[in-house]
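Colleague: So here's upload_13.cif, just mmCIF, C-alpha atoms; chains and numbers go by the auth columns:
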data_data
#
loop_
_atom_site.group_PDB
_atom_site.id
_atom_site.type_symbol
_atom_site.label_atom_id
_atom_site.label_comp_id
_atom_site.label_asym_id
_atom_site.label_seq_id
_atom_site.Cartn_x
_atom_site.Cartn_y
_atom_site.Cartn_z
_atom_site.B_iso_or_equiv
_atom_site.auth_seq_id
_atom_site.auth_asym_id
ATOM 1 C CA MET A 1 86.050 89.892 -7.134 0.00 29 F
ATOM 2 C CA PRO A 2 82.627 88.263 -6.507 0.00 30 F
ATOM 3 C CA LYS A 3 79.588 90.504 -6.245 0.00 31 F
ATOM 4 C CA GLY A 4 79.079 91.930 -2.750 0.00 32 F
ATOM 5 C CA GLN A 5 82.594 91.106 -1.580 0.00 33 F
ATOM 6 C CA GLY A 6 84.131 93.744 0.654 0.00 34 F
ATOM 7 C CA LYS A 7 87.705 94.897 1.123 0.00 35 F
ATOM 8 C CA VAL A 8 90.277 92.112 0.712 0.00 36 F
ATOM 9 C CA LEU A 9 92.499 92.038 3.805 0.00 37 F
ATOM 10 C CA ALA A 10 94.721 89.035 3.023 0.00 38 F
ATOM 11 C CA GLN A 11 95.257 86.838 -0.004 0.00 39 F
ATOM 12 C CA ASN A 12 96.967 83.480 -0.566 0.00 40 F
ATOM 13 C CA ARG A 13 99.019 84.212 -3.680 0.00 41 F
ATOM 14 C CA LYS A 14 100.596 80.738 -3.843 0.00 42 F
ATOM 15 C CA ALA A 15 97.218 78.970 -4.022 0.00 43 F
ATOM 16 C CA ASN A 16 96.733 79.424 -7.784 0.00 44 F
ATOM 17 C CA HIS A 17 100.353 78.429 -8.374 0.00 45 F
ATOM 18 C CA ASP A 18 100.101 75.196 -6.368 0.00 46 F
ATOM 19 C CA PHE A 19 96.490 74.133 -7.089 0.00 47 F
ATOM 20 C CA PHE A 20 93.871 73.931 -9.822 0.00 48 F
ATOM 21 C CA ILE A 21 90.965 75.683 -8.048 0.00 49 F
ATOM 22 C CA GLU A 22 87.713 74.059 -9.192 0.00 50 F
ATOM 23 C CA GLU A 23 85.083 75.522 -6.835 0.00 51 F
ATOM 24 C CA THR A 24 85.022 78.316 -4.278 0.00 52 F
ATOM 25 C CA TYR A 25 82.957 78.699 -1.121 0.00 53 F
ATOM 26 C CA GLU A 26 82.404 81.674 1.174 0.00 54 F
ATOM 27 C CA ALA A 27 82.772 80.758 4.844 0.00 55 F
ATOM 28 C CA GLY A 28 82.465 82.724 8.047 0.00 56 F
ATOM 29 C CA LEU A 29 85.232 82.620 10.659 0.00 57 F
ATOM 30 C CA VAL A 30 84.790 82.019 14.379 0.00 58 F
ATOM 31 C CA LEU A 31 87.227 84.466 15.970 0.00 59 F
ATOM 32 C CA GLN A 32 88.217 85.403 19.520 0.00 60 F
ATOM 33 C CA GLY A 33 88.371 88.909 20.993 0.00 61 F
ATOM 34 C CA THR A 34 91.217 90.820 19.402 0.00 62 F
ATOM 35 C CA GLU A 35 91.632 88.637 16.293 0.00 63 F
ATOM 36 C CA ILE A 36 89.286 90.760 14.178 0.00 64 F
ATOM 37 C CA LYS A 37 91.279 93.885 15.036 0.00 65 F
ATOM 38 C CA SER A 38 94.483 92.223 13.861 0.00 66 F
ATOM 39 C CA ILE A 39 92.757 91.013 10.685 0.00 67 F
ATOM 40 C CA ARG A 40 91.447 94.495 9.911 0.00 68 F
ATOM 41 C CA ALA A 41 95.002 95.804 10.398 0.00 69 F
ATOM 42 C CA GLY A 42 96.139 93.289 7.761 0.00 70 F
ATOM 43 C CA ARG A 43 98.338 91.289 10.138 0.00 71 F
ATOM 44 C CA VAL A 44 97.423 87.888 8.684 0.00 72 F
ATOM 45 C CA ASN A 45 99.647 85.272 7.037 0.00 73 F
ATOM 46 C CA MET A 46 97.884 82.604 4.957 0.00 74 F
ATOM 47 C CA LYS A 47 101.024 81.000 3.528 0.00 75 F
ATOM 48 C CA ASP A 48 100.834 77.482 5.013 0.00 76 F
ATOM 49 C CA SER A 49 97.167 77.439 6.015 0.00 77 F
ATOM 50 C CA PHE A 50 94.707 74.745 4.991 0.00 78 F
ATOM 51 C CA ALA A 51 91.152 73.673 5.811 0.00 79 F
ATOM 52 C CA ARG A 52 89.929 70.258 6.825 0.00 80 F
ATOM 53 C CA ILE A 53 86.547 68.650 7.501 0.00 81 F
ATOM 54 C CA ASP A 54 86.599 66.878 10.876 0.00 82 F
ATOM 55 C CA ARG A 55 83.586 65.245 12.539 0.00 83 F
ATOM 56 C CA GLY A 56 81.128 67.129 10.327 0.00 84 F
ATOM 57 C CA GLU A 57 82.671 70.561 10.922 0.00 85 F
ATOM 58 C CA ALA A 58 85.082 72.635 8.842 0.00 86 F
ATOM 59 C CA TRP A 59 88.304 73.722 10.574 0.00 87 F
ATOM 60 C CA LEU A 60 91.058 76.095 9.475 0.00 88 F
ATOM 61 C CA HIS A 61 94.629 75.148 10.426 0.00 89 F
ATOM 62 C CA ASN A 62 97.897 77.156 10.485 0.00 90 F
ATOM 63 C CA LEU A 63 96.382 80.573 9.739 0.00 91 F
ATOM 64 C CA HIS A 64 98.692 83.026 11.500 0.00 92 F
ATOM 65 C CA ILE A 65 96.935 86.070 12.952 0.00 93 F
ATOM 66 C CA SER A 66 99.425 88.245 14.829 0.00 94 F
ATOM 67 C CA PRO A 67 98.468 89.205 18.396 0.00 95 F
ATOM 68 C CA TYR A 68 96.869 92.637 18.649 0.00 96 F
ATOM 69 C CA GLU A 69 99.475 95.119 19.894 0.00 97 F
ATOM 70 C CA GLN A 70 97.081 97.092 22.098 0.00 98 F
ATOM 71 C CA GLY A 71 95.608 93.863 23.474 0.00 99 F
ATOM 72 C CA ASN A 72 96.165 92.756 27.047 0.00 100 F
ATOM 73 C CA ARG A 73 96.975 89.389 28.590 0.00 101 F
ATOM 74 C CA PHE A 74 93.842 87.910 26.986 0.00 102 F
ATOM 75 C CA ASN A 75 95.396 87.994 23.500 0.00 103 F
ATOM 76 C CA HIS A 76 94.872 84.901 21.333 0.00 104 F
ATOM 77 C CA ASP A 77 97.259 82.156 20.223 0.00 105 F
ATOM 78 C CA PRO A 78 98.464 83.205 16.726 0.00 106 F
ATOM 79 C CA THR A 79 98.144 79.808 14.984 0.00 107 F
ATOM 80 C CA ARG A 80 95.220 78.217 16.811 0.00 108 F
ATOM 81 C CA THR A 81 92.716 76.075 14.897 0.00 109 F
ATOM 82 C CA ARG A 82 89.658 78.128 13.917 0.00 110 F
ATOM 83 C CA LYS A 83 86.192 76.945 12.980 0.00 111 F
ATOM 84 C CA LEU A 84 84.755 77.785 9.562 0.00 112 F
ATOM 85 C CA LEU A 85 81.034 78.438 9.259 0.00 113 F
ATOM 86 C CA LEU A 86 79.477 76.680 6.271 0.00 114 F
ATOM 87 C CA HIS A 87 76.018 75.340 5.483 0.00 115 F
ATOM 88 C CA ARG A 88 75.421 71.641 6.211 0.00 116 F
ATOM 89 C CA LYS A 89 74.863 70.860 2.503 0.00 117 F
ATOM 90 C CA GLN A 90 78.185 72.501 1.618 0.00 118 F
ATOM 91 C CA ILE A 91 80.023 70.510 4.297 0.00 119 F
ATOM 92 C CA ASP A 92 78.429 67.245 3.141 0.00 120 F
ATOM 93 C CA LYS A 93 79.433 67.983 -0.456 0.00 121 F
ATOM 94 C CA LEU A 94 82.988 68.874 0.593 0.00 122 F
ATOM 95 C CA ILE A 95 83.351 65.676 2.639 0.00 123 F
ATOM 96 C CA GLY A 96 82.760 63.615 -0.501 0.00 124 F
ATOM 97 C CA GLU A 97 84.983 65.723 -2.726 0.00 125 F
ATOM 98 C CA THR A 98 87.967 65.994 -0.351 0.00 126 F
ATOM 99 C CA GLN A 99 88.071 62.213 0.080 0.00 127 F
ATOM 100 C CA GLN A 100 89.039 61.904 -3.588 0.00 128 F
ATOM 101 C CA GLN A 101 92.747 61.541 -4.221 0.00 129 F
ATOM 102 C CA GLY A 102 94.596 64.843 -4.621 0.00 130 F
ATOM 103 C CA TYR A 103 91.806 67.230 -3.553 0.00 131 F
ATOM 104 C CA SER A 104 92.110 69.623 -0.622 0.00 132 F
ATOM 105 C CA LEU A 105 90.530 72.773 0.791 0.00 133 F
ATOM 106 C CA VAL A 106 92.692 75.838 0.254 0.00 134 F
ATOM 107 C CA PRO A 107 92.061 79.274 1.839 0.00 135 F
ATOM 108 C CA LEU A 108 92.203 81.894 -0.920 0.00 136 F
ATOM 109 C CA LYS A 109 91.437 85.255 0.702 0.00 137 F
ATOM 110 C CA ILE A 110 90.053 86.956 3.804 0.00 138 F
ATOM 111 C CA TYR A 111 87.781 89.970 3.474 0.00 139 F
ATOM 112 C CA VAL A 112 85.229 91.960 5.448 0.00 140 F
ATOM 113 C CA LYS A 113 81.656 91.847 4.169 0.00 141 F
ATOM 114 C CA ASN A 114 78.940 93.841 5.955 0.00 142 F
ATOM 115 C CA GLY A 115 81.219 94.207 8.995 0.00 143 F
ATOM 116 C CA VAL A 116 81.858 90.453 9.279 0.00 144 F
ATOM 117 C CA ALA A 117 85.112 88.641 8.455 0.00 145 F
ATOM 118 C CA LYS A 118 84.658 86.090 5.675 0.00 146 F
ATOM 119 C CA MET A 119 87.028 83.672 4.007 0.00 147 F
ATOM 120 C CA LEU A 120 86.952 82.407 0.437 0.00 148 F
ATOM 121 C CA ILE A 121 88.040 78.770 0.385 0.00 149 F
ATOM 122 C CA GLY A 122 88.605 76.774 -2.765 0.00 150 F
ATOM 123 C CA LEU A 123 88.411 73.102 -3.582 0.00 151 F
ATOM 124 C CA GLY A 124 91.725 72.482 -5.282 0.00 152 F
ATOM 125 C CA LYS A 125 93.575 69.636 -6.925 0.00 153 F
ATOM 126 C CA GLY A 126 97.326 69.781 -6.438 0.00 154 F
ATOM 127 C CA LYS A 127 99.478 70.626 -9.439 0.00 155 F
ATOM 128 C CA LYS A 128 102.435 68.548 -10.459 0.00 156 F
ATOM 129 C CA LYS A 129 105.803 70.178 -11.092 0.00 157 F
ATOM 130 C CA TYR A 130 105.371 70.063 -14.878 0.00 158 F
ATOM 131 C CA ASP A 131 101.958 71.783 -14.568 0.00 159 F
ATOM 132 C CA LYS A 132 103.567 74.622 -12.619 0.00 160 F
ATOM 133 C CA ARG A 133 106.307 74.996 -15.235 0.00 161 F
ATOM 134 C CA GLU A 134 103.717 75.052 -18.033 0.00 162 F
ATOM 135 C CA ASP A 135 101.738 77.779 -16.247 0.00 163 F
ATOM 136 C CA LEU A 136 104.897 79.875 -15.851 0.00 164 F
ATOM 137 C CA LYS A 137 105.673 79.452 -19.571 0.00 165 F
ATOM 138 C CA GLN A 138 102.157 80.550 -20.535 0.00 166 F
ATOM 139 C CA LYS A 139 102.325 83.522 -18.178 0.00 167 F
ATOM 140 C CA GLN A 140 105.676 84.621 -19.642 0.00 168 F
ATOM 141 C CA ALA A 141 104.411 84.188 -23.224 0.00 169 F
ATOM 142 C CA LYS A 142 101.338 86.313 -22.475 0.00 170 F
ATOM 143 C CA ARG A 143 103.531 88.984 -20.865 0.00 171 F
ATOM 144 C CA ASP A 144 105.803 89.013 -23.946 0.00 172 F
ATOM 145 C CA MET A 145 102.814 89.323 -26.316 0.00 173 F
ATOM 146 C CA ASP A 146 101.326 92.173 -24.289 0.00 174 F
ATOM 147 C CA ARG A 147 104.693 93.946 -24.289 0.00 175 F
ATOM 148 C CA ALA A 148 105.057 93.535 -28.076 0.00 176 F
ATOM 149 C CA ILE A 149 101.527 94.881 -28.688 0.00 177 F
ATOM 150 C CA LYS A 150 102.146 97.811 -26.385 0.00 178 F
ATOM 151 C CA GLU A 151 105.386 98.730 -28.208 0.00 179 F
ATOM 152 C CA ARG A 152 103.668 98.494 -31.589 0.00 180 F
ATOM 153 C CA TYR A 153 100.900 100.977 -30.729 0.00 181 F
#
Kindly present the structure from the file in structure tokens form.

Modeller:
Amino acid sequence: MPKGQGKVLAQNRKANHDFFIEETYEAGLVLQGTEIKSIRAGRVNMKDSFARIDRGEAWLHNLHISPYEQGNRFNHDPTRTRKLLLHRKQIDKLIGETQQQGYSLVPLKIYVKNGVAKMLIGLGKGKKKYDKREDLKQKQAKRDMDRAIKERY
């Protein structure tokens, strides 16, 4: 966990399985009314979400934030497109890097830092099927070695 990062409220567990994460960026989220209450309650699904740079601004697509149960008729649309707050230099750098073949912006986790919702997004290159299988083999081998060491001592 990076220094100064608050409580993790949601995490994209498939991101490291599907992508080689090369760089990470901390971005703010532009939220409507009751969305922060749902996020703090942990009612967020990041499974199919992705970020995209469009007309010089960063946007988050397909992040599902469940409507707040105690909310009224002014509740939000669960999968609306949300704006990400990044510095201009970061956006300019990401524009160049995401135009390369195979690179995309992947949301990794949502957390609260100093009372504000933040998102960690990563610049990732998609893994091929054989890369995923190799990672699973390495993970299983490490688990077997740890188990053997534990039994020995």

Colleague: Out of F:Asp172, F:Leu133, F:Gln166, F:Lys156, which residue has the shortest atom-to-atom distance to Ala55 of chain F when counting all atoms listed in the file?

Modeller: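 Of the candidates, the smallest distance to Ala55 of chain F is held by F:Leu133.
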
Colleague: Using only C-alpha atoms, which of the listed residues (F:Tyr96, F:Tyr53, F:Trp87, F:Tyr131) sits closest to Lys146 of chain F?

Modeller: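 Ranked by minimum distance to Lys146 of chain F, first place goes to F:Tyr53.
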
Colleague: Applied to the shown file, which residues does the PyMOL selection byres ((chain F and resi 97) around 12) return, written as a list in words?

Modeller: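 Residues picked by the PyMOL selection byres ((chain F and resi 97) around 12): Thr62, Glu63, Lys65, Ser66, Ala69, Arg71, Ile93, Ser94, Pro95, Tyr96, Gln98, Gly99, Asn100, Arg101, Phe102, Asn103 and His104 of chain F.
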
Colleague: Pick out the residues sitting within 7 Å of segment 75-81 of chain F, and hand them over as a ChimeraX atom specification; count all atoms listed in the file, and ignore anything fewer than 2 positions along from it in its own chain.

Modeller: /F:40,73,83-91,123,133-135

Colleague: Restrict the selected residues to C-alpha atoms and save them as a short mmCIF file (atom, residue, chain, number, x, y, z; two decimals), in the coordinates of the input.

Modeller:
data_model
loop_
_atom_site.label_atom_id
_atom_site.label_comp_id
_atom_site.auth_asym_id
_atom_site.auth_seq_id
_atom_site.Cartn_x
_atom_site.Cartn_y
_atom_site.Cartn_z
CA ASN F 40 96.97 83.48 -0.57
CA ASN F 73 99.65 85.27 7.04
CA ARG F 83 83.59 65.24 12.54
CA GLY F 84 81.13 67.13 10.33
CA GLU F 85 82.67 70.56 10.92
CA ALA F 86 85.08 72.64 8.84
CA TRP F 87 88.30 73.72 10.57
CA LEU F 88 91.06 76.10 9.48
CA HIS F 89 94.63 75.15 10.43
CA ASN F 90 97.90 77.16 10.48
CA LEU F 91 96.38 80.57 9.74
CA ILE F 123 83.35 65.68 2.64
CA LEU F 133 90.53 72.77 0.79
CA VAL F 134 92.69 75.84 0.25
CA PRO F 135 92.06 79.27 1.84
#

Colleague: I'd like the neighbourhood of Glu50 of chain F as a ChimeraX atom specification, where a residue qualifies if any of its atoms comes within 7 Å (using only C-alpha atoms), though same-chain residues fewer than 2 positions away should be ignored.

Modeller: /F:48,151-152
